[in-house]
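*Asks:* Sharing start_39.txt (compact mmCIF, C-alpha atoms and all ligand atoms) below.
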```
# COMPACT_ATOMS: atom_id res chain seq x y z
CA MET A 202 23.60 18.98 -8.86
CA SER A 203 25.81 17.43 -11.51
CA GLU A 204 24.08 15.70 -14.40
CA ASP A 205 25.56 12.27 -13.72
CA VAL A 206 23.69 12.12 -10.39
CA LYS A 207 20.25 10.54 -10.91
CA LYS A 208 18.58 11.81 -7.77
CA GLY A 209 15.53 9.70 -6.84
CA LEU A 210 16.72 7.19 -9.48
CA LEU A 211 14.54 9.16 -11.88
CA GLY A 212 14.16 7.31 -15.16
CA ILE A 213 16.66 4.58 -14.22
CA VAL A 214 15.79 0.98 -15.12
CA VAL A 215 17.36 -1.21 -12.43
CA ASP A 216 16.10 -4.72 -13.20
CA GLU A 217 13.60 -6.82 -15.14
CA THR A 218 10.31 -8.09 -13.73
CA THR A 219 7.49 -10.34 -14.94
CA ILE A 220 5.07 -9.32 -12.19
CA SER A 221 3.48 -6.09 -13.40
CA GLN A 222 3.84 -3.50 -16.10
CA VAL A 223 2.97 0.16 -15.82
CA MET A 224 2.50 1.86 -19.19
CA PRO A 225 1.77 5.49 -18.41
CA ASP A 226 1.45 6.58 -22.06
CA ILE A 227 -1.54 4.34 -22.66
CA ASN A 228 -2.76 4.51 -19.06
CA SER A 229 -2.34 0.82 -18.52
CA LEU A 230 -1.38 -1.40 -15.60
CA THR A 231 -1.15 -5.16 -16.00
CA TYR A 232 -0.46 -7.94 -13.49
CA ARG A 233 1.27 -10.90 -15.15
CA GLY A 234 -0.08 -9.59 -18.46
CA TYR A 235 -3.72 -9.07 -17.41
CA ALA A 236 -5.18 -5.54 -17.31
CA VAL A 237 -6.15 -4.63 -13.74
CA GLN A 238 -9.53 -3.35 -14.89
CA ASP A 239 -10.25 -6.76 -16.40
CA LEU A 240 -9.13 -8.48 -13.20
CA CYS A 241 -11.34 -6.16 -11.13
CA GLU A 242 -14.37 -7.06 -13.24
CA LYS A 243 -13.87 -10.81 -13.38
CA CYS A 244 -11.90 -11.90 -10.30
CA SER A 245 -11.96 -11.83 -6.53
CA PHE A 246 -8.98 -10.47 -4.61
CA GLU A 247 -7.93 -14.03 -3.69
CA GLU A 248 -7.73 -14.96 -7.39
CA VAL A 249 -5.55 -11.92 -8.07
CA ALA A 250 -3.37 -12.65 -5.03
CA TYR A 251 -2.88 -16.18 -6.36
CA LEU A 252 -1.99 -14.79 -9.80
CA ILE A 253 0.60 -12.40 -8.39
CA LEU A 254 2.21 -15.09 -6.24
CA ASN A 255 1.94 -18.04 -8.65
CA LYS A 256 2.23 -16.33 -12.08
CA GLU A 257 -1.08 -17.80 -13.36
CA LEU A 258 -4.76 -17.36 -12.50
CA PRO A 259 -6.06 -20.30 -10.47
CA ASN A 260 -8.59 -22.82 -11.73
CA LYS A 261 -11.44 -23.83 -9.41
CA SER A 262 -9.56 -26.49 -7.48
CA GLN A 263 -6.39 -24.37 -7.17
CA LEU A 264 -8.47 -21.51 -5.79
CA LYS A 265 -10.22 -23.82 -3.34
CA LYS A 266 -6.86 -25.09 -2.11
CA PHE A 267 -5.45 -21.55 -1.84
CA LYS A 268 -8.47 -20.34 0.15
CA LYS A 269 -8.13 -23.34 2.45
CA GLU A 270 -4.47 -22.55 3.00
CA LEU A 271 -5.40 -19.00 3.94
CA ASP A 272 -8.11 -20.29 6.29
CA VAL A 273 -5.66 -22.63 8.01
CA ASN A 274 -3.04 -19.90 8.42
CA ARG A 275 -5.22 -16.98 9.56
CA SER A 276 -4.91 -17.51 13.30
CA ILE A 277 -2.13 -15.71 15.10
CA THR A 278 -0.21 -17.09 18.10
CA ILE A 279 -1.28 -16.24 21.64
CA ASN A 280 2.12 -14.57 21.96
CA LEU A 281 1.45 -12.22 19.04
CA ARG A 282 -2.09 -11.51 20.24
CA GLU A 283 -0.73 -10.55 23.66
CA ILE A 284 1.94 -8.32 22.08
CA VAL A 285 -0.75 -6.55 20.04
CA LYS A 286 -2.93 -6.16 23.14
CA HIS A 287 -0.06 -4.50 24.99
CA MET A 288 0.93 -2.11 22.24
CA PRO A 289 0.41 1.57 23.07
CA LYS A 290 -3.14 2.49 22.05
CA ARG A 291 -1.87 5.72 20.52
CA ALA A 292 0.65 3.84 18.33
CA HIS A 293 0.20 4.41 14.62
CA PRO A 294 -1.24 1.21 13.06
CA MET A 295 1.51 1.31 10.41
CA ASP A 296 4.05 0.96 13.20
CA VAL A 297 1.94 -1.89 14.55
CA ALA A 298 1.88 -3.53 11.09
CA ARG A 299 5.65 -3.21 10.81
CA THR A 300 6.09 -4.74 14.27
CA VAL A 301 3.65 -7.64 13.84
CA VAL A 302 5.36 -8.81 10.64
CA SER A 303 8.68 -8.58 12.43
CA VAL A 304 7.30 -10.66 15.33
CA MET A 305 5.98 -13.24 12.85
CA GLY A 306 9.58 -13.51 11.66
CA LEU A 307 10.61 -14.46 15.20
CA GLU A 308 7.94 -17.14 15.34
CA ASP A 309 8.12 -18.65 11.86
CA LYS A 310 9.85 -22.01 11.63
CA ASP A 311 11.09 -21.23 8.13
CA THR A 312 12.56 -17.77 8.86
CA SER A 313 16.13 -18.58 7.86
CA ASN A 314 15.13 -20.77 4.91
CA ASN A 315 15.15 -18.77 1.68
CA SER A 316 14.27 -21.63 -0.68
CA PRO A 317 11.43 -20.86 -3.16
CA GLN A 318 9.15 -23.36 -1.36
CA ALA A 319 9.83 -21.88 2.09
CA ASN A 320 9.41 -18.35 0.76
CA MET A 321 6.01 -19.25 -0.69
CA ARG A 322 4.93 -20.83 2.61
CA LYS A 323 6.07 -17.75 4.51
CA ALA A 324 4.43 -15.38 2.03
CA ILE A 325 1.09 -17.16 2.50
CA ARG A 326 1.44 -17.08 6.27
CA ILE A 327 2.27 -13.35 6.33
CA PHE A 328 -0.58 -12.66 3.90
CA ALA A 329 -3.08 -14.68 5.96
CA LYS A 330 -2.02 -13.54 9.46
CA THR A 331 -1.40 -9.82 9.04
CA PRO A 332 -5.12 -8.92 8.72
CA THR A 333 -5.85 -10.92 11.89
CA ALA A 334 -3.16 -9.07 13.84
CA MET A 335 -4.24 -5.68 12.49
CA ALA A 336 -7.92 -6.32 13.22
CA ALA A 337 -6.90 -7.30 16.77
CA PHE A 338 -5.22 -3.90 17.17
CA PHE A 339 -8.24 -2.16 15.56
CA ARG A 340 -10.37 -3.54 18.38
CA THR A 341 -8.04 -3.67 21.39
CA ARG A 342 -7.12 0.00 21.14
CA LYS A 343 -10.83 0.77 21.46
CA GLY A 344 -11.06 -1.52 24.50
CA LYS A 345 -12.98 -4.16 22.54
CA LYS A 346 -12.56 -7.92 22.58
CA VAL A 347 -10.49 -9.50 19.81
CA ILE A 348 -12.55 -11.41 17.24
CA PRO A 349 -10.76 -14.44 15.76
CA PRO A 350 -11.03 -15.19 12.03
CA LYS A 351 -13.96 -17.27 10.83
CA LYS A 352 -13.40 -20.23 8.54
CA GLY A 353 -15.11 -20.06 5.17
CA LEU A 354 -15.20 -16.27 4.91
CA GLY A 355 -13.28 -14.61 2.08
CA PHE A 356 -10.25 -12.35 2.67
CA SER A 357 -12.21 -9.08 2.65
CA GLU A 358 -15.20 -10.53 4.51
CA ASN A 359 -12.95 -11.87 7.24
CA PHE A 360 -11.26 -8.50 7.72
CA PHE A 361 -14.62 -6.72 8.12
CA TYR A 362 -15.82 -9.47 10.44
CA MET A 363 -12.70 -9.32 12.64
CA CYS A 364 -12.82 -5.48 12.81
CA PHE A 365 -16.57 -4.91 13.23
CA GLY A 366 -17.98 -8.26 14.36
CA LYS A 367 -20.39 -8.37 11.43
CA LEU A 368 -20.44 -8.36 7.65
CA PRO A 369 -21.54 -5.36 5.60
CA ASN A 370 -23.59 -5.75 2.45
CA LYS A 371 -22.07 -7.42 -0.60
CA GLU A 372 -21.48 -4.18 -2.50
CA ILE A 373 -19.25 -2.86 0.27
CA ILE A 374 -17.26 -6.09 0.29
CA LYS A 375 -16.96 -5.87 -3.50
CA ALA A 376 -15.67 -2.27 -3.39
CA PHE A 377 -13.18 -3.20 -0.66
CA ASP A 378 -12.05 -6.21 -2.71
CA ILE A 379 -11.56 -3.95 -5.75
CA SER A 380 -9.39 -1.59 -3.70
CA LEU A 381 -7.24 -4.54 -2.61
CA ILE A 382 -6.86 -5.68 -6.22
CA LEU A 383 -5.79 -2.18 -7.27
CA TYR A 384 -3.36 -1.83 -4.37
CA ALA A 385 -1.79 -5.28 -4.78
CA GLU A 386 1.12 -4.52 -7.07
CA HIS A 387 2.76 -1.61 -8.87
CA SER A 388 6.24 -2.52 -10.16
CA PHE A 389 9.32 -0.80 -8.68
CA ASN A 390 7.65 1.70 -6.34
CA VAL A 391 9.51 2.84 -3.19
CA SER A 392 8.35 0.06 -0.85
CA THR A 393 8.81 -2.71 -3.43
CA PHE A 394 12.26 -1.43 -4.26
CA THR A 395 12.98 -1.35 -0.51
CA ALA A 396 11.85 -4.99 -0.23
CA ARG A 397 14.04 -5.98 -3.19
CA THR A 398 17.02 -4.06 -1.80
CA ILE A 399 16.73 -5.81 1.56
CA THR A 400 16.34 -9.16 -0.21
CA SER A 401 19.41 -8.49 -2.36
CA SER A 402 21.69 -9.03 0.65
CA LEU A 403 20.03 -12.49 0.89
CA SER A 404 18.03 -11.42 3.91
CA ASP A 405 14.66 -13.05 4.65
CA ILE A 406 11.08 -12.25 3.60
CA HIS A 407 9.94 -11.04 7.04
CA SER A 408 12.81 -8.53 7.13
CA ALA A 409 12.07 -7.37 3.59
CA ILE A 410 8.34 -6.89 4.26
CA THR A 411 9.02 -5.18 7.58
CA GLY A 412 11.25 -2.70 5.73
CA ALA A 413 8.70 -2.28 2.95
CA ILE A 414 6.00 -1.38 5.48
CA GLY A 415 8.28 1.31 6.91
CA SER A 416 8.72 2.69 3.43
CA LEU A 417 5.00 2.55 2.56
CA LYS A 418 4.17 4.59 5.66
CA GLY A 419 5.48 7.85 4.24
CA PRO A 420 2.91 10.35 2.92
CA LEU A 421 4.61 10.51 -0.48
CA HIS A 422 3.78 6.80 -0.89
CA GLY A 423 1.02 4.79 0.85
CA GLY A 424 0.45 7.31 3.61
CA ALA A 425 -1.26 9.57 1.07
CA ASN A 426 -4.68 7.89 1.50
CA GLU A 427 -4.75 8.97 5.17
CA GLU A 428 -3.64 12.47 4.24
CA VAL A 429 -6.46 12.74 1.71
CA MET A 430 -8.93 12.10 4.52
CA ASN A 431 -7.18 14.58 6.80
CA MET A 432 -7.44 17.16 4.01
CA MET A 433 -11.15 16.46 3.49
CA ASN A 434 -11.72 16.80 7.24
CA LYS A 435 -9.93 20.15 7.21
CA ILE A 436 -12.09 21.31 4.29
CA LYS A 437 -15.14 20.27 6.42
CA LYS A 438 -17.91 21.03 3.90
CA PRO A 439 -18.31 21.24 0.13
CA GLU A 440 -18.90 25.03 0.26
CA ASN A 441 -15.33 25.47 1.58
CA ALA A 442 -13.65 23.20 -0.95
CA PHE A 443 -13.06 25.62 -3.84
CA THR A 444 -11.46 28.33 -1.69
CA TRP A 445 -9.49 25.81 0.39
CA ILE A 446 -7.86 24.09 -2.55
CA ASN A 447 -7.11 27.37 -4.37
CA ASN A 448 -5.45 28.73 -1.21
CA ALA A 449 -3.40 25.53 -0.86
CA LEU A 450 -2.19 25.85 -4.45
CA ASP A 451 -1.42 29.56 -4.03
CA LYS A 452 0.72 28.63 -1.03
CA LYS A 453 2.43 25.98 -3.21
CA GLU A 454 1.33 23.17 -0.89
CA VAL A 455 1.52 19.56 -2.01
CA VAL A 456 -2.02 18.24 -2.29
CA MET A 457 -2.18 14.62 -1.16
CA GLY A 458 -3.76 12.06 -3.44
CA PHE A 459 -2.60 13.91 -6.56
CA GLY A 460 0.37 13.45 -8.85
CA HIS A 461 2.50 10.41 -9.51
CA ARG A 462 6.12 9.70 -10.36
CA VAL A 463 5.19 7.51 -13.32
CA TYR A 464 1.67 8.49 -14.39
CA LYS A 465 1.70 12.07 -15.57
CA LYS A 466 -1.57 11.89 -17.53
CA GLY A 467 -3.64 10.04 -14.94
CA ASP A 468 -3.34 6.96 -12.74
CA SER A 469 -4.74 3.88 -14.54
CA ARG A 470 -6.32 2.64 -11.30
CA VAL A 471 -8.37 5.76 -10.63
CA PRO A 472 -11.38 5.33 -13.00
CA THR A 473 -12.24 1.93 -11.49
CA MET A 474 -11.63 3.01 -7.90
CA GLU A 475 -13.56 6.25 -8.41
CA LYS A 476 -16.56 4.29 -9.75
CA TYR A 477 -16.64 2.18 -6.58
CA PHE A 478 -16.09 5.16 -4.27
CA LYS A 479 -19.12 6.81 -5.89
CA LYS A 480 -21.15 3.62 -5.36
CA ILE A 481 -20.23 3.52 -1.67
CA SER A 482 -20.95 7.22 -1.33
CA LYS A 483 -24.45 6.53 -2.67
CA ILE A 484 -25.03 3.50 -0.44
CA LYS A 485 -23.93 5.48 2.61
CA ASN A 486 -26.03 8.47 1.58
CA ASP A 487 -22.94 10.67 1.68
CA LYS A 488 -23.54 14.23 0.54
CA LYS A 489 -20.27 15.66 1.76
CA PHE A 490 -17.17 13.74 0.68
CA ASN A 491 -18.44 13.01 -2.81
CA LYS A 492 -18.88 16.74 -3.47
CA ILE A 493 -15.57 17.77 -1.88
CA TYR A 494 -13.94 15.03 -4.00
CA ASP A 495 -15.31 16.47 -7.25
CA ILE A 496 -14.50 20.10 -6.45
CA VAL A 497 -10.88 19.48 -5.37
CA LYS A 498 -10.29 17.20 -8.35
CA LYS A 499 -11.64 19.77 -10.82
CA VAL A 500 -9.46 22.59 -9.46
CA MET A 501 -6.34 20.36 -9.48
CA MET A 502 -6.99 19.36 -13.09
CA ASP A 503 -8.03 22.81 -14.36
CA LYS A 504 -5.40 24.83 -12.58
CA LYS A 505 -2.40 22.47 -12.42
CA ASP A 506 -3.21 19.63 -14.81
CA ILE A 507 -2.29 17.25 -11.98
CA HIS A 508 -4.41 14.09 -11.89
CA PRO A 509 -5.61 12.17 -8.83
CA ASN A 510 -3.82 8.95 -7.91
CA VAL A 511 -5.46 5.82 -6.45
CA ASP A 512 -5.16 7.13 -2.87
CA TYR A 513 -7.57 9.95 -3.63
CA PRO A 514 -10.74 7.80 -3.95
CA THR A 515 -9.70 5.11 -1.45
CA GLY A 516 -9.28 7.63 1.40
CA PRO A 517 -12.91 8.79 1.60
CA MET A 518 -14.19 5.34 0.60
CA TYR A 519 -12.51 3.59 3.54
CA HIS A 520 -13.84 6.34 5.81
CA LEU A 521 -17.40 5.75 4.61
CA MET A 522 -16.90 2.02 5.20
CA GLY A 523 -16.20 2.75 8.87
CA PHE A 524 -12.42 2.41 9.11
CA ASP A 525 -10.38 4.80 11.23
CA THR A 526 -8.25 7.12 9.11
CA ASP A 527 -4.96 5.76 10.43
CA PHE A 528 -6.02 2.28 9.26
CA PHE A 529 -6.14 3.23 5.58
CA THR A 530 -2.45 2.63 4.88
CA PRO A 531 -2.42 -0.66 6.85
CA ILE A 532 -5.25 -1.82 4.55
CA PHE A 533 -2.92 -1.03 1.64
CA VAL A 534 -0.31 -3.22 3.41
CA LEU A 535 -2.70 -6.20 3.62
CA SER A 536 -2.99 -6.15 -0.15
CA ARG A 537 0.56 -5.13 -1.15
CA ILE A 538 2.01 -8.06 0.82
CA THR A 539 1.22 -10.08 -2.32
CA GLY A 540 3.20 -7.80 -4.64
CA TRP A 541 6.10 -7.47 -2.21
CA SER A 542 6.26 -11.25 -1.73
CA ALA A 543 6.31 -11.88 -5.48
CA HIS A 544 9.11 -9.34 -5.91
CA ILE A 545 11.08 -10.83 -3.02
CA MET A 546 10.81 -14.29 -4.63
CA GLU A 547 11.74 -12.86 -8.03
CA GLN A 548 14.76 -11.10 -6.52
CA HIS A 549 15.91 -14.31 -4.81
CA ALA A 550 15.55 -16.23 -8.07
CA ALA A 551 17.99 -13.94 -9.94
CA ASN A 552 19.78 -11.98 -7.27
CA LYS A 553 22.37 -9.27 -7.63
CA LEU A 554 23.31 -7.20 -4.59
CA ILE A 555 21.77 -3.74 -4.98
CA ARG A 556 24.51 -1.27 -4.27
CA PRO A 557 24.41 2.04 -6.16
CA LEU A 558 27.18 4.63 -6.12
CA SER A 559 27.13 8.16 -4.80
CA LYS A 560 29.00 11.28 -5.82
CA TYR A 561 30.94 12.60 -2.85
CA SER A 562 30.46 16.33 -2.25
CA GLY A 563 31.81 16.66 1.29
CA GLU A 564 35.08 17.96 2.72
CA LYS A 565 38.32 17.24 0.85
CA HIS A 566 40.71 14.76 2.45
CA ARG A 567 41.64 16.05 5.91
CA LYS A 568 44.19 15.14 8.51
CA VAL A 569 42.87 14.06 11.92
CA MET A 570 44.02 16.44 14.70
CA LEU A 571 44.57 14.93 18.11
CA LEU A 572 41.83 15.73 20.65
CA ASN A 573 43.93 18.30 22.57
CA GLN A 574 44.76 20.14 19.31
CA ARG A 575 41.11 20.61 18.18
C1 LIG B 1 3.82 11.37 -5.95
C2 LIG B 1 4.81 12.52 -6.05
C3 LIG B 1 5.84 12.40 -4.91
C4 LIG B 1 5.52 12.43 -7.39
O1 LIG B 1 6.58 13.29 -7.35
P1 LIG B 1 7.60 13.57 -8.55
O2 LIG B 1 7.48 12.60 -9.65
O3 LIG B 1 8.92 13.73 -7.90
O4 LIG B 1 7.05 14.91 -9.14
P2 LIG B 1 7.35 16.34 -8.56
O5 LIG B 1 7.17 16.33 -7.08
O6 LIG B 1 8.69 16.77 -9.08
O7 LIG B 1 6.20 17.18 -9.21
C5 LIG B 1 6.32 17.88 -10.45
C6 LIG B 1 5.61 19.21 -10.32
O8 LIG B 1 4.22 18.99 -10.02
C7 LIG B 1 3.90 19.52 -8.74
N1 LIG B 1 3.11 18.55 -8.02
C8 LIG B 1 3.19 17.21 -8.11
N2 LIG B 1 2.32 16.63 -7.29
C9 LIG B 1 1.67 17.62 -6.67
C10 LIG B 1 0.65 17.65 -5.72
N3 LIG B 1 0.15 16.52 -5.24
N4 LIG B 1 0.19 18.84 -5.29
C11 LIG B 1 0.70 19.98 -5.78
N5 LIG B 1 1.68 20.04 -6.70
C12 LIG B 1 2.16 18.85 -7.14
C13 LIG B 1 5.23 19.74 -8.02
O9 LIG B 1 5.15 20.77 -7.07
C14 LIG B 1 6.13 20.07 -9.18
O10 LIG B 1 5.92 21.42 -9.52
P3 LIG B 1 7.15 22.35 -10.00
O11 LIG B 1 7.67 21.69 -11.24
O12 LIG B 1 6.51 23.66 -10.20
O13 LIG B 1 8.13 22.30 -8.86
C15 LIG B 1 4.10 13.88 -5.95
O14 LIG B 1 3.18 13.99 -6.99
C16 LIG B 1 3.40 14.07 -4.61
O15 LIG B 1 4.04 14.49 -3.64
N6 LIG B 1 2.06 13.77 -4.54
C17 LIG B 1 1.34 13.83 -3.29
C18 LIG B 1 1.53 12.56 -2.48
C19 LIG B 1 0.74 11.40 -3.02
O16 LIG B 1 -0.43 11.51 -3.31
N7 LIG B 1 1.42 10.26 -3.08
C20 LIG B 1 0.81 9.02 -3.51
C21 LIG B 1 1.43 8.55 -4.79
S1 LIG B 1 0.57 7.12 -5.41
```
With the file now loaded, output its structure as structure tokens.
Ligand SMILES: CC(C)(COP(=O)(O)OP(=O)(O)OC[C@H]1O[C@@H](n2cnc3c(N)ncnc32)[C@H](O)[C@@H]1OP(=O)(O)O)[C@@H](O)C(=O)NCCC(=O)NCCS

*Replies:*
Amino acid sequence: MSEDVKKGLLGIVVDETTISQVMPDINSLTYRGYAVQDLCEKCSFEEVAYLILNKELPNKSQLKKFKKELDVNRSITINLREIVKHMPKRAHPMDVARTVVSVMGLEDKDTSNNSPQANMRKAIRIFAKTPTAMAAFFRTRKGKKVIPPKKGLGFSENFFYMCFGKLPNKEIIKAFDISLILYAEHSFNVSTFTARTITSSLSDIHSAITGAIGSLKGPLHGGANEEVMNMMNKIKKPENAFTWINNALDKKEVVMGFGHRVYKKGDSRVPTMEKYFKKISKIKNDKKFNKIYDIVKKVMMDKKDIHPNVDYPTGPMYHLMGFDTDFFTPIFVLSRITGWSAHIMEQHAANKLIRPLSKYSGEKHRKVMLLNQR
């Protein structure tokens, strides 16, 4: 490969952003200038969502208004509910997520309006409705009745309520909320760049988020949290973990939930997420996943010096909370809608069509032979 080809856009700075900053050397991630760890300690997910979308943390009355807007917009149309009900039960929930956002684009009265005000209205609607649609699929594929959202419940509470019909204890809600804060935004990752690329042709927010969901699905991006759980299920018990992971490394397998394009000395989100995974493990009296987690992590660090990324603790944590494995990446979607929306609005505000070049390495110029001469 010639040196002027920057495969994977490695190390290329393609634009400016004011939304988040990843500083791998000092293990730091900030949203709008606030350290995520600080946000996790002092804010709810709704406050952080507001910050990402509106550039500033809300005061009490702004938060009240924002929560009310979410409450008002949570319901989905009968049409969308019916579509979800008729989706194949074996469909991957990420494909369902991609489709429901696309359907919302068909239904939204502002779809073709790309003004900042319309984009904010649409962002809030997508953010509020996607959990409702996904919870409907969570239940209908198990043959259960859809539970509509309940006014007054927070974002995380509502999602649990719509999936399980009841609320878990506050510590579980808190840990889930923390995971949403940590998943909300991460600069120019694959799905965000996809959303910005789609936006750069002056397309609409539903199209950009639909594309971003397709991009997040891949196991090298958001899909890793599901793969972590699949790996832990293959390992089965802590006694197998050491041999299993050593064999995987000997066979040069990629171990999901480890490594990162930007963080080479550790993912800044992991210490916080790991703390909450351990709390949930304790609450759920889990003896298995917690131990497998520690053993695999130690071998990866000792043998390869490859650190876990945020998908490593969220995988087993969502499992212990009762979510199906294929719902882990859709949960990531529910949160990342905030980051994508902010990037889409930022792209619209200072747009330049994204159109890189490629180095041609195919056949030299050829003459077309007529069909009967080939
Ligand atoms: C995220 C990821 C794609 C980053 O890739 P990247 O920046 O292109 O880095 P590379 O794939 O070139 O990795 C560099 C080296 O570390 C190794 N490596 C990186 N992540 C690894 C992993 N998870 N398991 C085993 N080896 C890994 C690579 O094999 C490579 O080794 P080599 O130099 O001997 O060929 C990669 O780490 C990965 O596939 N991780 C697993 C998927 C995952 O958890 N994704 C979620 C990210 S938040």

*Asks:* For A:Ile538, find every residue with an atom within 9 Å (counting only C-alpha atoms), except residues of its own chain fewer than 2 positions away, and show them as a list of chain:residue names.

*Replies:*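 Here the qualifying residues turn out to be A:Ala324, A:Ile327, A:Phe328, A:Ala385, A:Glu386, A:Ile410, A:Phe533, A:Val534, A:Leu535, A:Ser536, A:Gly540, A:Trp541, A:Ser542, A:Ala543.
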
*Asks:* Could you save the residues just selected, with C-alpha atoms, as a PDB file, in the frame of the given file?

*Replies:*
```
ATOM      1  CA  ALA A 324       4.430 -15.380   2.030  1.00  0.00           C
ATOM      2  CA  ILE A 327       2.270 -13.350   6.330  1.00  0.00           C
ATOM      3  CA  PHE A 328      -0.580 -12.660   3.900  1.00  0.00           C
ATOM      4  CA  ALA A 385      -1.790  -5.280  -4.780  1.00  0.00           C
ATOM      5  CA  GLU A 386       1.120  -4.520  -7.070  1.00  0.00           C
ATOM      6  CA  ILE A 410       8.340  -6.890   4.260  1.00  0.00           C
ATOM      7  CA  PHE A 533      -2.920  -1.030   1.640  1.00  0.00           C
ATOM      8  CA  VAL A 534      -0.310  -3.220   3.410  1.00  0.00           C
ATOM      9  CA  LEU A 535      -2.700  -6.200   3.620  1.00  0.00           C
ATOM     10  CA  SER A 536      -2.990  -6.150  -0.150  1.00  0.00           C
ATOM     11  CA  GLY A 540       3.200  -7.800  -4.640  1.00  0.00           C
ATOM     12  CA  TRP A 541       6.100  -7.470  -2.210  1.00  0.00           C
ATOM     13  CA  SER A 542       6.260 -11.250  -1.730  1.00  0.00           C
ATOM     14  CA  ALA A 543       6.310 -11.880  -5.480  1.00  0.00           C
TER      15      ALA A 543
END
```

*Asks:* With all atoms listed in the file as the basis for distance, which of A:Asp272, A:Pro369, A:Thr300, A:Pro225 is at the shortest distance from A:Arg326?

*Replies:* A:Asp272

*Asks:* Show me which residues sit within 8 Å of ligand LIG 1 (chain B) when counting all atoms listed in the file, and put them as a ChimeraX atom specification.

*Replies:* /A:209,420-426,429,450,453-463,501,505,507,509-513

*Asks:* Between atom CA of A:Arg233 and atom CA of A:Ser245, what distance in Å does the model show, to one decimal?

*Replies:*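 Between atom CA of A:Arg233 and atom CA of A:Ser245 the gap is 15.8 Å.
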
*Asks:* Between A:Cys241, A:Ala334, A:Leu417, A:Ala442, which one has atoms that come closest to A:Leu281, using all atoms listed in the file?

*Replies:* A:Ala334

*Asks:* Could you give me, as a list in words, the residues within 7 Å of A:Thr526, counting only C-alpha atoms and dropping anything in the same chain fewer than 6 positions from it?

*Replies:*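 Once the nearby chain positions are removed, what remains is Glu427, Met430 and His520 of chain A.
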
*Asks:* Would you kindly return, as JSON, numbers by chain, each protein, DNA or RNA residue with an atom no farther than 10 Å from any atom of A:Asn314, considering all atoms listed in the file and excluding same-chain residues fewer than 3 positions away?

*Replies:* {"A": [310, 311, 317, 318, 319, 320, 323, 404, 405, 406]}

*Asks:* Skipping near chain neighbours, those fewer than 5 positions away, what residues fall within 8 Å of A:Pro514 using all atoms listed in the file, listed as a PyMOL selection string?

*Replies:* chain A and resi 471+474-475+478+494

*Asks:* In Å, how far is it from atom CA of A:Pro289 to atom CA of A:Asp527?

*Replies:*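 That distance, rounded to one decimal, is 14.4 Å.
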
*Asks:* Measuring atom to atom with all atoms listed in the file, identify which of A:Tyr561, A:Phe338, A:Phe394, A:Phe246 is nearest to A:Glu358.

*Replies:*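 The closest residue to A:Glu358 is A:Phe246.
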
*Asks:* If I put a ball of radius 9 Å at (-3.0, -6.1, 16.5) in the file's coordinates, which residues poke into it when counting only C-alpha atoms, written as a tab-separated table (two decimals) with C-alpha atoms, in the coordinates of the input?

*Replies:*
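So the final result, stored in point-v7.tsv, reads:
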```
chain	number	residue	atom	x	y	z
A	281	LEU	CA	1.45	-12.22	19.04
A	282	ARG	CA	-2.09	-11.51	20.24
A	283	GLU	CA	-0.73	-10.55	23.66
A	284	ILE	CA	1.94	-8.32	22.08
A	285	VAL	CA	-0.75	-6.55	20.04
A	286	LYS	CA	-2.93	-6.16	23.14
A	288	MET	CA	0.93	-2.11	22.24
A	294	PRO	CA	-1.24	1.21	13.06
A	297	VAL	CA	1.94	-1.89	14.55
A	298	ALA	CA	1.88	-3.53	11.09
A	301	VAL	CA	3.65	-7.64	13.84
A	331	THR	CA	-1.40	-9.82	9.04
A	332	PRO	CA	-5.12	-8.92	8.72
A	333	THR	CA	-5.85	-10.92	11.89
A	334	ALA	CA	-3.16	-9.07	13.84
A	335	MET	CA	-4.24	-5.68	12.49
A	336	ALA	CA	-7.92	-6.32	13.22
A	337	ALA	CA	-6.90	-7.30	16.77
A	338	PHE	CA	-5.22	-3.90	17.17
A	339	PHE	CA	-8.24	-2.16	15.56
A	340	ARG	CA	-10.37	-3.54	18.38
A	341	THR	CA	-8.04	-3.67	21.39
A	342	ARG	CA	-7.12	0.00	21.14
A	347	VAL	CA	-10.49	-9.50	19.81
```

*Asks:* Under the rule that all atoms listed in the file are counted, which of A:Ser392, A:Asn359, A:Asn552, A:Ser313 is the nearest residue to A:Leu271?

*Replies:*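 Closest to A:Leu271 of all the choices is A:Asn359.
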
*Asks:* As an exercise, work out the distance from atom CA of A:Asn491 to atom CA of A:Lys479 in Å and give it to one decimal place.

*Replies:*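 Between atom CA of A:Asn491 and atom CA of A:Lys479 the gap works out to 7.0 Å.
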
*Asks:* Looking at all atoms listed in the file, which of A:Phe377, A:Val500, A:Ile414, A:Ser562 is the one that sits closest to A:Tyr477?

*Replies:*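 Looking only at the distances to A:Tyr477, the closest residue turns out to be A:Phe377.
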
*Asks:* Using only C-alpha atoms, which of A:Gly415, A:Ile493, A:Val237, A:His407 sits nearest A:Val304?

*Replies:*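 Distance minimum relative to A:Val304 lands on A:His407.
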
*Asks:* Neighbours of A:Lys489 within 10 Å (only C-alpha atoms; same-chain residues fewer than 5 positions away dropped), as a PDB file with C-alpha atoms, in the coordinates of the input?

*Replies:*
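Writing done, so here's selection.pdb:
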```
ATOM      1  CA  MET A 433     -11.150  16.460   3.490  1.00  0.00           C
ATOM      2  CA  LYS A 437     -15.140  20.270   6.420  1.00  0.00           C
ATOM      3  CA  LYS A 438     -17.910  21.030   3.900  1.00  0.00           C
ATOM      4  CA  PRO A 439     -18.310  21.240   0.130  1.00  0.00           C
ATOM      5  CA  GLU A 440     -18.900  25.030   0.260  1.00  0.00           C
ATOM      6  CA  SER A 482     -20.950   7.220  -1.330  1.00  0.00           C
ATOM      7  CA  TYR A 494     -13.940  15.030  -4.000  1.00  0.00           C
TER       8      TYR A 494
END
```
